[in-house]
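Trainee: Data file coords05.txt (compact mmCIF, C-alpha atoms and all ligand atoms) is appended below.
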```txt
# COMPACT_ATOMS: atom_id res chain seq x y z
CA MET A 1 -14.38 -20.26 17.99
CA THR A 2 -15.75 -17.69 20.39
CA THR A 3 -15.77 -14.43 18.51
CA LEU A 4 -18.34 -12.21 20.08
CA ALA A 5 -21.60 -11.67 18.31
CA LEU A 6 -21.92 -7.94 18.09
CA ALA A 7 -25.14 -6.05 17.64
CA ALA A 8 -25.46 -4.02 14.47
CA PRO A 9 -26.71 -0.47 14.68
CA ALA A 10 -26.37 1.87 11.76
CA ALA A 11 -23.48 3.90 10.45
CA ALA A 12 -20.41 4.83 12.60
CA LEU A 13 -17.43 3.35 10.74
CA THR A 14 -18.96 3.63 7.33
CA GLY A 15 -19.82 7.29 7.29
CA GLN A 16 -22.42 8.02 4.68
CA ALA A 17 -22.20 4.55 3.21
CA GLY A 18 -25.71 3.36 3.86
CA PRO A 19 -26.54 -0.31 3.52
CA GLU A 20 -27.04 -1.04 -0.15
CA PRO A 21 -30.06 -3.24 -0.70
CA VAL A 22 -29.09 -5.73 -3.37
CA PRO A 23 -31.59 -8.29 -4.53
CA ASN A 24 -30.41 -11.86 -4.83
CA PRO A 25 -26.64 -11.48 -4.95
CA GLY A 26 -24.98 -14.29 -6.82
CA PRO A 27 -21.67 -15.88 -5.96
CA SER A 28 -18.86 -13.44 -6.38
CA GLY A 29 -16.95 -15.44 -8.90
CA THR A 30 -14.45 -18.07 -9.78
CA PRO A 31 -11.98 -19.42 -7.24
CA THR A 32 -9.28 -17.00 -6.20
CA PRO A 33 -5.71 -17.92 -5.23
CA ASN A 34 -6.84 -17.54 -1.66
CA PRO A 35 -9.85 -19.74 -0.97
CA SER A 36 -10.64 -17.80 2.17
CA TYR A 37 -12.17 -15.05 0.08
CA SER A 38 -14.89 -17.08 -1.58
CA PRO A 39 -17.45 -18.08 1.04
CA PRO A 40 -21.09 -17.70 0.05
CA PRO A 41 -22.19 -14.08 -0.14
CA GLY A 42 -24.53 -12.66 2.44
CA PRO A 43 -26.28 -9.36 3.10
CA GLN A 44 -24.59 -6.40 1.50
CA ALA A 45 -24.75 -3.92 4.34
CA ALA A 46 -21.38 -2.45 5.17
CA GLU A 47 -20.02 -3.80 8.45
CA PRO A 48 -21.07 -1.45 11.24
CA ALA A 49 -18.75 -0.52 14.08
CA PRO A 50 -19.67 -2.18 17.36
CA PRO A 51 -21.40 0.19 19.76
CA ALA A 52 -19.32 1.48 22.64
CA ALA A 53 -21.47 -0.34 25.21
CA GLU A 54 -20.90 -3.70 23.48
CA THR A 55 -17.19 -3.03 23.30
CA ARG A 56 -17.02 -2.15 26.99
CA ARG A 57 -19.01 -5.22 27.95
CA ALA A 58 -16.75 -7.45 25.88
CA ALA A 59 -13.71 -6.02 27.64
CA ARG A 60 -15.32 -6.40 31.07
CA ASP A 61 -16.27 -10.01 30.36
CA GLY A 62 -12.76 -10.71 29.11
CA GLN A 63 -11.15 -9.26 32.22
CA ALA A 64 -13.57 -11.14 34.48
CA LEU A 65 -12.80 -14.39 32.68
CA ALA A 66 -9.08 -13.74 32.89
CA GLN A 67 -9.34 -13.11 36.63
CA ALA A 68 -11.30 -16.31 37.10
CA GLU A 69 -8.47 -18.14 35.38
CA GLY A 70 -5.91 -16.59 37.72
CA ALA A 71 -4.34 -14.30 35.12
CA ALA A 72 -1.59 -11.93 36.22
CA PHE A 73 -1.96 -10.15 32.89
CA ALA A 74 -4.61 -10.27 30.20
CA SER A 75 -5.29 -8.01 27.26
CA SER A 76 -7.61 -8.46 24.32
CA PHE A 77 -6.71 -4.92 23.18
CA GLU A 78 -10.25 -3.71 23.97
CA PRO A 79 -11.11 -0.52 25.85
CA GLY A 80 -10.83 -1.37 29.55
CA ASP A 81 -7.99 -3.83 28.89
CA PRO A 82 -4.35 -2.97 29.49
CA GLN A 83 -3.36 -0.88 26.46
CA PRO A 84 -0.03 -1.19 24.63
CA THR A 85 2.74 1.00 26.00
CA TRP A 86 4.33 1.27 22.54
CA ALA A 87 3.19 1.18 18.91
CA ASP A 88 5.42 0.37 15.92
CA THR A 89 8.52 0.35 18.12
CA THR A 90 11.43 -2.03 17.92
CA GLU A 91 12.84 -3.52 21.11
CA THR A 92 16.34 -2.47 22.13
CA ASP A 93 18.39 -5.11 23.92
CA ALA A 94 20.48 -4.70 27.10
CA ARG A 95 23.47 -3.50 25.01
CA GLY A 96 21.35 -0.81 23.34
CA VAL A 97 21.14 -2.63 20.01
CA LYS A 98 17.88 -2.72 18.07
CA LYS A 99 16.54 -6.28 17.83
CA ALA A 100 15.80 -6.02 14.12
CA ALA A 101 17.43 -6.45 10.73
CA ASN A 102 16.09 -6.27 7.19
CA VAL A 103 12.50 -5.62 8.21
CA ILE A 104 10.56 -2.42 7.43
CA GLY A 105 7.09 -1.34 8.47
CA THR A 106 5.51 -1.49 5.02
CA LEU A 107 4.60 -4.34 2.71
CA PRO A 108 6.50 -4.38 -0.58
CA GLY A 109 5.01 -3.47 -3.93
CA ARG A 110 3.31 -0.16 -3.19
CA ILE A 111 3.29 2.65 -5.72
CA GLU A 112 5.85 5.39 -5.16
CA GLY A 113 4.72 7.95 -2.64
CA SER A 114 1.94 5.68 -1.34
CA ILE A 115 -0.15 7.23 1.42
CA SER A 116 -1.94 4.03 2.41
CA ASP A 117 -0.76 4.45 6.01
CA LYS A 118 -2.82 7.63 6.19
CA ILE A 119 -6.10 5.95 5.31
CA ALA A 120 -8.09 6.08 8.52
CA GLN A 121 -11.64 5.44 7.33
CA PHE A 122 -13.30 3.42 4.61
CA SER A 123 -16.75 3.91 3.10
CA ALA A 124 -18.37 2.42 0.03
CA SER A 125 -21.65 2.29 -1.85
CA GLY A 126 -21.67 -1.46 -1.19
CA GLU A 127 -19.42 -4.42 -0.57
CA ASN A 128 -19.40 -8.18 -0.14
CA ALA A 129 -18.13 -8.06 3.41
CA SER A 130 -19.49 -11.41 4.52
CA GLY A 131 -17.75 -12.96 1.51
CA GLY A 132 -14.45 -11.44 2.61
CA GLU A 133 -14.65 -8.92 -0.24
CA GLY A 134 -15.03 -5.70 1.72
CA LYS A 135 -13.91 -2.17 0.95
CA GLU A 136 -10.83 -2.48 3.19
CA ASN A 137 -9.37 -4.92 0.65
CA LEU A 138 -8.84 -1.94 -1.66
CA ALA A 139 -5.93 -0.68 0.44
CA ASP A 140 -4.32 -3.78 1.96
CA ASP A 141 -1.30 -3.86 -0.38
CA ASP A 142 -2.46 -7.24 -1.67
CA ALA A 143 -3.74 -7.75 -5.22
CA ASN A 144 -5.14 -11.13 -4.19
CA THR A 145 -7.89 -9.53 -2.14
CA LYS A 146 -10.65 -7.47 -3.72
CA TRP A 147 -13.60 -5.18 -3.14
CA LEU A 148 -16.78 -6.39 -4.77
CA VAL A 149 -20.18 -4.74 -5.19
CA PHE A 150 -23.24 -6.42 -6.59
CA ALA A 151 -24.00 -3.45 -8.86
CA GLY A 152 -22.79 -2.09 -12.19
CA THR A 153 -21.69 1.19 -10.64
CA GLY A 154 -20.36 2.09 -7.22
CA TRP A 155 -18.01 4.22 -5.20
CA ALA A 156 -15.40 3.74 -2.52
CA GLN A 157 -14.07 6.45 -0.27
CA TYR A 158 -11.05 6.96 1.97
CA GLY A 159 -10.92 9.33 4.92
CA LEU A 160 -7.33 10.36 5.69
CA SER A 161 -5.77 10.93 9.10
CA ALA A 162 -4.41 14.22 7.72
CA PRO A 163 -5.13 16.04 4.42
CA VAL A 164 -2.85 15.14 1.49
CA ALA A 165 -2.55 16.57 -2.02
CA VAL A 166 -2.91 13.41 -4.08
CA VAL A 167 -1.47 13.69 -7.60
CA HIS A 168 -1.10 10.05 -8.59
CA TYR A 169 -3.20 6.93 -8.10
CA ALA A 170 -3.36 3.34 -9.26
CA LEU A 171 -6.08 0.77 -9.83
CA THR A 172 -5.31 -2.95 -9.86
CA SER A 173 -7.68 -5.39 -11.58
CA ALA A 174 -8.95 -8.35 -9.56
CA ASN A 175 -8.34 -12.06 -10.00
CA ASP A 176 -11.17 -12.96 -12.37
CA SER A 177 -14.13 -11.80 -14.49
CA PRO A 178 -12.64 -8.93 -16.57
CA GLU A 179 -16.15 -7.60 -17.31
CA ARG A 180 -16.33 -6.48 -13.67
CA ASP A 181 -13.37 -4.10 -14.08
CA PRO A 182 -14.06 -0.35 -13.86
CA ARG A 183 -14.16 1.31 -17.26
CA ASP A 184 -15.32 4.90 -16.58
CA TRP A 185 -14.66 6.72 -13.31
CA GLN A 186 -13.86 9.97 -11.57
CA LEU A 187 -11.37 10.53 -8.80
CA GLN A 188 -12.80 13.12 -6.43
CA GLY A 189 -11.54 15.05 -3.42
CA SER A 190 -13.44 16.56 -0.51
CA GLN A 191 -12.71 18.35 2.75
CA ASP A 192 -15.88 17.32 4.55
CA GLY A 193 -16.82 14.05 2.87
CA GLN A 194 -20.00 15.74 1.58
CA SER A 195 -19.21 18.06 -1.32
CA TRP A 196 -16.85 16.68 -3.91
CA THR A 197 -14.49 18.13 -6.50
CA THR A 198 -13.68 15.99 -9.51
CA LEU A 199 -9.91 15.84 -9.91
CA ASP A 200 -9.47 13.26 -12.65
CA THR A 201 -11.85 11.62 -15.13
CA ARG A 202 -11.18 8.49 -17.19
CA THR A 203 -13.39 6.84 -19.77
CA GLY A 204 -13.05 3.64 -21.78
CA GLU A 205 -10.19 2.25 -19.71
CA THR A 206 -9.49 -1.47 -20.03
CA PHE A 207 -7.32 -3.86 -18.09
CA THR A 208 -5.61 -6.38 -20.35
CA ALA A 209 -4.62 -8.77 -17.57
CA ARG A 210 -5.70 -9.97 -14.14
CA PHE A 211 -3.85 -8.35 -11.22
CA GLN A 212 -2.83 -5.54 -13.61
CA ARG A 213 -1.95 -2.23 -12.02
CA LYS A 214 -2.62 0.92 -14.04
CA GLU A 215 -1.29 4.24 -12.79
CA TYR A 216 -2.77 7.70 -13.40
CA ARG A 217 -1.30 11.13 -12.75
CA PHE A 218 -2.98 14.52 -12.60
CA ALA A 219 -2.29 18.05 -11.34
CA ASN A 220 -3.70 18.91 -7.92
CA PRO A 221 -2.36 21.53 -5.51
CA THR A 222 -5.06 20.97 -2.85
CA ALA A 223 -4.66 18.73 0.20
CA TYR A 224 -8.01 16.96 0.65
CA ALA A 225 -9.09 15.01 3.69
CA HIS A 226 -11.28 12.58 1.72
CA TYR A 227 -10.92 10.89 -1.64
CA ARG A 228 -13.53 9.01 -3.60
CA LEU A 229 -13.33 6.71 -6.58
CA ASN A 230 -16.68 6.98 -8.35
CA VAL A 231 -17.11 4.18 -10.91
CA THR A 232 -19.85 5.02 -13.40
CA ARG A 233 -19.41 2.14 -15.83
CA ILE A 234 -17.90 -1.35 -15.83
CA GLY A 235 -17.08 -3.74 -18.66
CA GLY A 236 -20.47 -5.42 -18.48
CA GLY A 237 -22.91 -7.22 -16.25
CA SER A 238 -23.96 -6.00 -12.83
CA THR A 239 -20.99 -6.70 -10.57
CA LEU A 240 -18.13 -4.30 -9.92
CA GLN A 241 -14.83 -5.41 -8.48
CA LEU A 242 -11.35 -4.03 -7.93
CA ALA A 243 -8.28 -5.46 -6.16
CA GLU A 244 -6.50 -2.25 -5.13
CA TRP A 245 -7.05 1.49 -5.24
CA GLU A 246 -3.81 3.22 -4.22
CA LEU A 247 -3.21 6.93 -3.66
CA SER A 248 0.14 8.73 -3.83
CA ASP A 249 1.34 12.21 -2.93
CA GLY A 250 3.87 12.06 -5.78
CA ARG A 251 6.96 11.52 -3.65
CA THR A 252 9.63 9.53 -5.46
CA GLY A 253 12.51 7.47 -4.19
CA PRO A 254 12.63 4.79 -1.52
CA GLU A 255 10.27 4.80 1.45
CA PRO A 256 11.80 6.25 4.59
CA PRO A 257 12.96 3.46 6.91
CA SER A 258 10.48 2.50 9.59
CA ASP A 259 10.21 -0.12 12.30
CA MET A 260 8.00 -3.17 11.89
CA ARG A 261 4.39 -2.25 12.43
CA SER A 262 2.80 -3.34 15.73
CA ARG A 263 -0.36 -1.47 16.64
CA ILE A 264 -4.00 -1.95 17.57
CA GLY A 265 -6.32 -2.46 14.62
CA ALA A 266 -9.71 -3.75 13.59
CA GLY A 267 -8.68 -7.34 12.88
CA PRO A 268 -8.24 -9.27 9.62
CA ASN A 269 -10.45 -8.47 6.63
CA GLY A 270 -11.12 -12.08 5.75
CA GLY A 271 -10.78 -15.58 7.08
CA PHE A 272 -12.15 -19.10 6.70
CA VAL A 273 -14.33 -19.17 9.77
CA SER A 274 -13.83 -15.89 11.60
CA LYS A 275 -15.79 -12.70 11.68
CA PRO A 276 -14.12 -10.15 9.36
CA ARG A 277 -12.73 -6.93 10.83
CA ALA A 278 -12.74 -8.30 14.40
CA GLY A 279 -10.33 -9.78 16.87
CA PHE A 280 -10.60 -13.30 18.23
CA ALA A 281 -12.54 -11.84 21.15
CA GLY A 282 -13.95 -8.36 20.77
CA PRO A 283 -13.52 -6.04 17.80
CA ARG A 284 -9.80 -5.26 18.23
CA ALA A 285 -6.47 -7.03 17.99
CA LEU A 286 -2.78 -6.18 17.68
CA GLN A 287 -1.57 -6.00 14.10
CA TYR A 288 2.00 -6.95 13.18
CA ALA A 289 3.00 -6.13 9.60
CA GLY A 290 5.84 -5.19 7.37
CA GLY A 291 8.21 -6.45 4.76
CA THR A 292 11.51 -8.28 4.73
CA THR A 293 14.06 -6.56 2.53
CA ALA A 294 16.81 -9.21 2.13
CA GLN A 295 16.84 -12.42 0.10
CA THR A 296 17.53 -14.21 3.37
CA GLY A 297 14.50 -12.66 5.06
CA GLY A 298 14.62 -10.52 8.16
CA HIS A 299 13.66 -10.24 11.78
CA SER A 300 12.23 -7.70 14.18
CA THR A 301 11.16 -7.85 17.79
CA ASN A 302 8.80 -5.06 18.81
CA LYS A 303 7.89 -4.00 22.32
CA VAL A 304 4.21 -3.80 23.16
CA PHE A 305 3.45 -3.79 26.92
CA GLU A 306 5.57 -2.69 29.86
CA VAL A 307 4.81 -4.98 32.81
CA ASP A 308 6.34 -6.30 36.01
CA ILE A 309 5.26 -9.86 36.58
CA PRO A 310 7.12 -12.52 38.58
CA VAL A 311 7.40 -15.93 36.93
CA THR A 312 6.57 -18.87 39.17
CA ALA A 313 7.01 -22.57 38.49
CA THR A 314 3.43 -22.71 37.20
CA THR A 315 3.33 -19.54 35.06
CA GLU A 316 1.80 -19.94 31.61
CA LEU A 317 1.75 -17.65 28.57
CA SER A 318 -1.03 -17.96 26.03
CA TYR A 319 -2.26 -15.97 23.04
CA LEU A 320 -4.11 -16.23 19.74
CA VAL A 321 -2.49 -15.38 16.43
CA PHE A 322 -3.96 -14.94 12.93
CA PRO A 323 -1.22 -14.92 10.26
CA GLU A 324 -2.60 -13.57 6.99
CA PHE A 325 -1.96 -15.37 3.70
CA THR A 326 -0.36 -12.30 2.12
CA ALA A 327 0.19 -11.97 -1.64
CA ALA A 328 -0.68 -15.67 -2.12
CA ASP A 329 2.91 -16.33 -0.99
CA LEU A 330 3.24 -20.08 -0.34
CA ARG A 331 6.21 -19.50 1.94
CA TYR A 332 3.60 -18.24 4.41
CA PRO A 333 5.81 -15.37 5.63
CA SER A 334 3.21 -14.20 8.15
CA THR A 335 3.50 -17.41 10.20
CA TYR A 336 7.05 -16.66 11.43
CA VAL A 337 5.82 -14.96 14.57
CA SER A 338 5.55 -15.43 18.31
CA VAL A 339 4.75 -13.47 21.42
CA ASP A 340 8.05 -13.00 23.24
CA LEU A 341 8.92 -11.78 26.73
CA ALA A 342 11.80 -9.62 27.94
CA PHE A 343 12.93 -10.40 31.49
CA ARG A 344 14.40 -7.92 33.92
CA ASP A 345 17.76 -9.76 33.79
CA GLY A 346 18.13 -8.95 30.08
CA THR A 347 17.19 -12.41 28.79
CA TYR A 348 14.34 -13.24 26.40
CA LEU A 349 11.85 -16.08 26.44
CA SER A 350 12.71 -16.91 22.81
CA ASP A 351 16.26 -17.78 23.95
CA LEU A 352 15.15 -20.03 26.79
CA LYS A 353 13.78 -22.99 24.84
CA ALA A 354 10.22 -22.64 26.10
CA VAL A 355 7.88 -24.83 24.06
CA ASP A 356 4.23 -24.48 23.14
CA GLN A 357 1.53 -27.11 23.58
CA HIS A 358 2.78 -28.84 20.39
CA GLY A 359 6.34 -29.10 21.69
CA VAL A 360 7.51 -26.38 19.29
CA ARG A 361 9.93 -23.79 20.59
CA LEU A 362 8.22 -20.48 21.29
CA ALA A 363 10.42 -18.37 19.04
CA PRO A 364 9.33 -16.78 15.75
CA ARG A 365 11.57 -18.73 13.35
CA GLU A 366 10.72 -22.07 14.95
CA GLN A 367 7.00 -21.25 15.02
CA GLY A 368 7.01 -20.61 11.27
CA GLU A 369 9.07 -23.68 10.48
CA SER A 370 6.85 -25.89 12.61
CA LYS A 371 3.84 -25.38 10.30
CA THR A 372 1.62 -25.39 13.38
CA LEU A 373 0.27 -21.95 12.52
CA TYR A 374 -2.46 -21.96 9.89
CA ALA A 375 -2.84 -18.86 7.72
CA ASP A 376 -6.09 -16.90 7.66
CA GLN A 377 -7.40 -18.32 10.91
CA TRP A 378 -6.91 -17.86 14.63
CA ASN A 379 -4.38 -20.22 16.23
CA TYR A 380 -4.12 -20.76 19.99
CA LYS A 381 -0.68 -21.00 21.56
CA LEU A 382 0.09 -21.96 25.16
CA ALA A 383 3.50 -22.34 26.82
CA ARG A 384 4.34 -23.32 30.40
CA ILE A 385 7.06 -20.73 30.73
CA GLY A 386 7.59 -21.44 34.44
CA GLU A 387 9.52 -24.53 33.36
CA VAL A 388 12.27 -22.38 31.82
CA ALA A 389 11.89 -18.94 33.41
CA ARG A 390 10.91 -19.59 37.05
CA GLY A 391 12.28 -16.90 39.37
CA LYS A 392 12.64 -14.27 36.62
CA ARG A 393 10.51 -11.13 36.32
CA ILE A 394 8.81 -10.17 33.06
CA SER A 395 9.51 -6.53 32.11
CA ARG A 396 8.04 -6.30 28.62
CA ILE A 397 5.66 -8.25 26.40
CA LEU A 398 6.88 -8.33 22.80
CA VAL A 399 5.82 -9.50 19.38
CA ALA A 400 8.67 -11.16 17.51
CA TYR A 401 9.03 -11.84 13.79
CA ASP A 402 11.84 -13.82 12.13
CA SER A 403 11.41 -15.21 8.62
CA PRO A 404 13.80 -16.71 6.05
CA ALA A 405 11.56 -15.49 3.19
CA GLY A 406 12.47 -12.31 1.39
CA PRO A 407 11.77 -9.90 0.04
CA ALA A 408 8.26 -10.60 1.24
CA GLY A 409 5.33 -8.87 2.86
CA PHE A 410 3.76 -10.16 6.03
CA ARG A 411 0.79 -9.19 8.17
CA GLY A 412 -1.10 -10.80 11.01
CA TRP A 413 -2.94 -10.27 14.25
CA VAL A 414 -2.39 -11.19 17.89
CA ASP A 415 -5.20 -11.21 20.41
CA ASP A 416 -5.97 -12.30 23.98
CA ILE A 417 -2.45 -12.33 25.41
CA LYS A 418 -2.59 -13.89 28.88
CA ILE A 419 -0.04 -14.61 31.54
CA VAL A 420 -1.47 -16.92 34.19
CA SER A 421 0.57 -17.39 37.35
CA GLU A 422 -1.32 -20.33 38.70
CA ARG A 423 -4.12 -21.73 36.65
CA LYS A 424 -7.32 -22.06 38.64
CA ARG A 425 -9.50 -25.03 37.86
CA GLN A 426 -12.41 -24.00 35.68
CA PRO A 427 -15.92 -25.42 36.08
CA TYR A 428 -15.77 -26.83 32.55
CA GLU A 429 -12.57 -28.73 33.23
CA GLY A 430 -14.29 -31.16 35.62
CA ARG A 431 -12.48 -33.32 38.13
CA PRO A 432 -10.59 -36.55 37.59
CA ALA A 433 -12.71 -39.50 38.71
CA ARG A 434 -11.66 -40.74 42.14
CA ASP A 435 -11.73 -44.38 41.11
CA ASP A 436 -9.82 -43.91 37.83
CA ARG A 437 -7.36 -46.62 38.74
CA SER A 438 -9.80 -49.13 40.13
CA PRO A 439 -10.92 -51.93 37.79
CA ARG A 440 -14.45 -51.78 36.48
CA CA A 501 -9.59 -8.44 21.09
CA CA A 502 -6.43 -5.84 -2.12
```
What is this file in structure tokens?
Ligand SMILES: [Ca+2]
Ligand SMILES: [Ca+2]

Mentor:
Amino acid sequence: MTTLALAAPAAALTGQAGPEPVPNPGPSGTPTPNPSYSPPPGPQAAEPAPPAAETRRAARDGQALAQAEGAAFASSFEPGDPQPTWADTTETDARGVKKAANVIGTLPGRIEGSISDKIAQFSASGENASGGEGKENLADDDANTKWLVFAGTGWAQYGLSAPVAVVHYALTSANDSPERDPRDWQLQGSQDGQSWTTLDTRTGETFTARFQRKEYRFANPTAYAHYRLNVTRIGGGSTLQLAEWELSDGRTGPEPPSDMRSRIGAGPNGGFVSKPRAGFAGPRALQYAGGTTAQTGGHSTNKVFEVDIPVTATTELSYLVFPEFTAADLRYPSTYVSVDLAFRDGTYLSDLKAVDQHGVRLAPREQGESKTLYADQWNYKLARIGEVARGKRISRILVAYDSPAGPAGFRGWVDDIKIVSERKRQPYEGRPARDDRSPR
């Protein structure tokens, strides 16, 4: 694993959330349905954003490495890399038909009128980020992930991409330890993230079950740019935790239809062995996410990069993919994914029977069925596409999803997409011994 070690200066992403010194944090609790969220706890400081210089250097190093390998295209989604031409946009085939059915851009199970897509910034009084229990888990549409603070009180804060008049919110209790549930709190709004107006106050609330969602409504005509949940008392002890904190603008009815999500983001919140909130290399990756709406699942192919690359006999496609273990769903819906290519002649790589290094067809349904993609970790995929596509020209790089599971939510990350025309020998690959065939 070669995630970059990033230096850690103060602040940036976390706004006013200063590092919370917490003496001797204990383990965060009993096993959760997802074992990836229970590694030993570490320092409590909120994860800082990488400095711009680090980010630029990571991108430069990545491009230099890609060139040394003979790459015709390489993007790790960092500044300085080729940037996606499209976000959240479904591919249209040569006949003008959208390559999607029964997939929407949101995970199922949100409260009505959810504004979670508008949350642009997270801050908190503390978190257990190194244990995979960071503040971002409060708004990931997954009750199986939680925010945890080693303190009996605490606050979490959302900065919105545009002001919204919130009139309805929901808290969902976490997987274990009911005494850690919030009991007294205020919901507050702010325009500047500094001065706060209390909009709703609750005292003596209890959650009677794990993963229980409780919804609260209040009158509020003002569109605020920041919202804060200020927990002033928990059930007992000195650890606060919460699985979800959802905000709603009060809209009712079904969500407007939207294409599968495919956009640059900060990487997965948790994982067995990977740095949280980072890509495989560098701090960014491409997120794919959404929900299937039919019992028989759904599919969507989204366009990401516009390119013009000739395919030779030796052309290879490689990438890394991190399918999240969403909603503790043992059908692993996030693993039904592949990077696909659209050729100038109207054909697609997924139709050409290209295979990866395991001999599995490089198409989203086959990738999921193969069980070669492990959830909650980065998986490397390499396909010698020259064997099936030699002589064609690549027009677009796509991310394709096709799952038989539904209705189900899925979310994952793609990083380090590379198209290598002719692989150059690397120093670390060595040379075959000249006398391999001679007897010793
Ligand atoms: Ca990256
Ligand atoms: Ca969560």

Trainee: Report, in Å with one decimal, the straight-line distance from atom CA of A:Ala174 to atom CA of A:Gln186.

Mentor: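 Going from atom CA of A:Ala174 over to atom CA of A:Gln186, I get 19.1 Å.
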
Trainee: Can you measure atom CA of A:Gln157 to atom CA of A:Gln121 for me? One decimal in Å is fine.

Mentor: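 Straight-line distance from atom CA of A:Gln157 to atom CA of A:Gln121 works out to 8.0 Å.
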
Trainee: Figure out the distance between atom CA of A:Val339 and atom CA of A:Ile417, please, to one decimal in Å.

Mentor: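 Value for the atom CA of A:Ile417-atom CA of A:Val339 distance: 8.3 Å.
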
Trainee: Hey, what's within 10 Å of A:Glu369 if we count all atoms listed in the file and toss same-chain stuff fewer than 5 positions away? As a ChimeraX atom specification, please?

Mentor: /A:331-332,335-336,360,364,403-404

Trainee: How would you report the residues lying within 12 Å of ligand CA 502 (chain A), as an NGL selection string, if you count all atoms listed in the file?

Mentor: :A and (34 or 37 or 109-110 or 116 or 132-148 or 171-175 or 211 or 213 or 241-246 or 269-270 or 326-328)

Trainee: Could I get the residue neighbourhood of ligand CA 501 (chain A) at 12 Å, counting only C-alpha atoms and all ligand atoms, as a PDB file with C-alpha atoms, keeping the file's coordinate frame?

Mentor:
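Written out: selection38.pdb:
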```
ATOM      1  CA  THR A   2     -15.750 -17.690  20.390  1.00  0.00           C
ATOM      2  CA  THR A   3     -15.770 -14.430  18.510  1.00  0.00           C
ATOM      3  CA  LEU A   4     -18.340 -12.210  20.080  1.00  0.00           C
ATOM      4  CA  THR A  55     -17.190  -3.030  23.300  1.00  0.00           C
ATOM      5  CA  ARG A  56     -17.020  -2.150  26.990  1.00  0.00           C
ATOM      6  CA  ALA A  58     -16.750  -7.450  25.880  1.00  0.00           C
ATOM      7  CA  ALA A  59     -13.710  -6.020  27.640  1.00  0.00           C
ATOM      8  CA  ARG A  60     -15.320  -6.400  31.070  1.00  0.00           C
ATOM      9  CA  ASP A  61     -16.270 -10.010  30.360  1.00  0.00           C
ATOM     10  CA  GLY A  62     -12.760 -10.710  29.110  1.00  0.00           C
ATOM     11  CA  GLN A  63     -11.150  -9.260  32.220  1.00  0.00           C
ATOM     12  CA  ALA A  74      -4.610 -10.270  30.200  1.00  0.00           C
ATOM     13  CA  SER A  75      -5.290  -8.010  27.260  1.00  0.00           C
ATOM     14  CA  SER A  76      -7.610  -8.460  24.320  1.00  0.00           C
ATOM     15  CA  PHE A  77      -6.710  -4.920  23.180  1.00  0.00           C
ATOM     16  CA  GLU A  78     -10.250  -3.710  23.970  1.00  0.00           C
ATOM     17  CA  PRO A  79     -11.110  -0.520  25.850  1.00  0.00           C
ATOM     18  CA  GLY A  80     -10.830  -1.370  29.550  1.00  0.00           C
ATOM     19  CA  ASP A  81      -7.990  -3.830  28.890  1.00  0.00           C
ATOM     20  CA  PRO A  82      -4.350  -2.970  29.490  1.00  0.00           C
ATOM     21  CA  GLN A  83      -3.360  -0.880  26.460  1.00  0.00           C
ATOM     22  CA  ILE A 264      -4.000  -1.950  17.570  1.00  0.00           C
ATOM     23  CA  GLY A 265      -6.320  -2.460  14.620  1.00  0.00           C
ATOM     24  CA  ALA A 266      -9.710  -3.750  13.590  1.00  0.00           C
ATOM     25  CA  GLY A 267      -8.680  -7.340  12.880  1.00  0.00           C
ATOM     26  CA  PRO A 268      -8.240  -9.270   9.620  1.00  0.00           C
ATOM     27  CA  ARG A 277     -12.730  -6.930  10.830  1.00  0.00           C
ATOM     28  CA  ALA A 278     -12.740  -8.300  14.400  1.00  0.00           C
ATOM     29  CA  GLY A 279     -10.330  -9.780  16.870  1.00  0.00           C
ATOM     30  CA  PHE A 280     -10.600 -13.300  18.230  1.00  0.00           C
ATOM     31  CA  ALA A 281     -12.540 -11.840  21.150  1.00  0.00           C
ATOM     32  CA  GLY A 282     -13.950  -8.360  20.770  1.00  0.00           C
ATOM     33  CA  PRO A 283     -13.520  -6.040  17.800  1.00  0.00           C
ATOM     34  CA  ARG A 284      -9.800  -5.260  18.230  1.00  0.00           C
ATOM     35  CA  ALA A 285      -6.470  -7.030  17.990  1.00  0.00           C
ATOM     36  CA  LEU A 286      -2.780  -6.180  17.680  1.00  0.00           C
ATOM     37  CA  GLN A 287      -1.570  -6.000  14.100  1.00  0.00           C
ATOM     38  CA  TYR A 319      -2.260 -15.970  23.040  1.00  0.00           C
ATOM     39  CA  LEU A 320      -4.110 -16.230  19.740  1.00  0.00           C
ATOM     40  CA  VAL A 321      -2.490 -15.380  16.430  1.00  0.00           C
ATOM     41  CA  PHE A 322      -3.960 -14.940  12.930  1.00  0.00           C
ATOM     42  CA  TRP A 378      -6.910 -17.860  14.630  1.00  0.00           C
ATOM     43  CA  TRP A 413      -2.940 -10.270  14.250  1.00  0.00           C
ATOM     44  CA  VAL A 414      -2.390 -11.190  17.890  1.00  0.00           C
ATOM     45  CA  ASP A 415      -5.200 -11.210  20.410  1.00  0.00           C
ATOM     46  CA  ASP A 416      -5.970 -12.300  23.980  1.00  0.00           C
ATOM     47  CA  ILE A 417      -2.450 -12.330  25.410  1.00  0.00           C
ATOM     48  CA  LYS A 418      -2.590 -13.890  28.880  1.00  0.00           C
TER      49      LYS A 418
END
```

Trainee: Between A:Ser334, A:Gln188, A:Asn302, A:Gln194, single out the one closest to A:Trp155, counting only C-alpha atoms.

Mentor: A:Gln188

Trainee: Please build the interface table for stretch 294-387 of chain A against stretch 89-96 of chain A with a cut-off of 8 Å, listing for each qualifying residue the nearest atom pair and the distance in Å to one decimal; count only C-alpha atoms, order rows by chain and increasing number, and write it as a tab-separated table.

Mentor:
```
residue	atom	partner	partner_atom	distance
A:Ser300	CA	A:Thr90	CA	6.8
A:Thr301	CA	A:Glu91	CA	5.7
A:Asn302	CA	A:Thr90	CA	4.1
A:Lys303	CA	A:Glu91	CA	5.1
A:Val304	CA	A:Thr89	CA	7.8
A:Gly346	CA	A:Ala94	CA	5.7
```
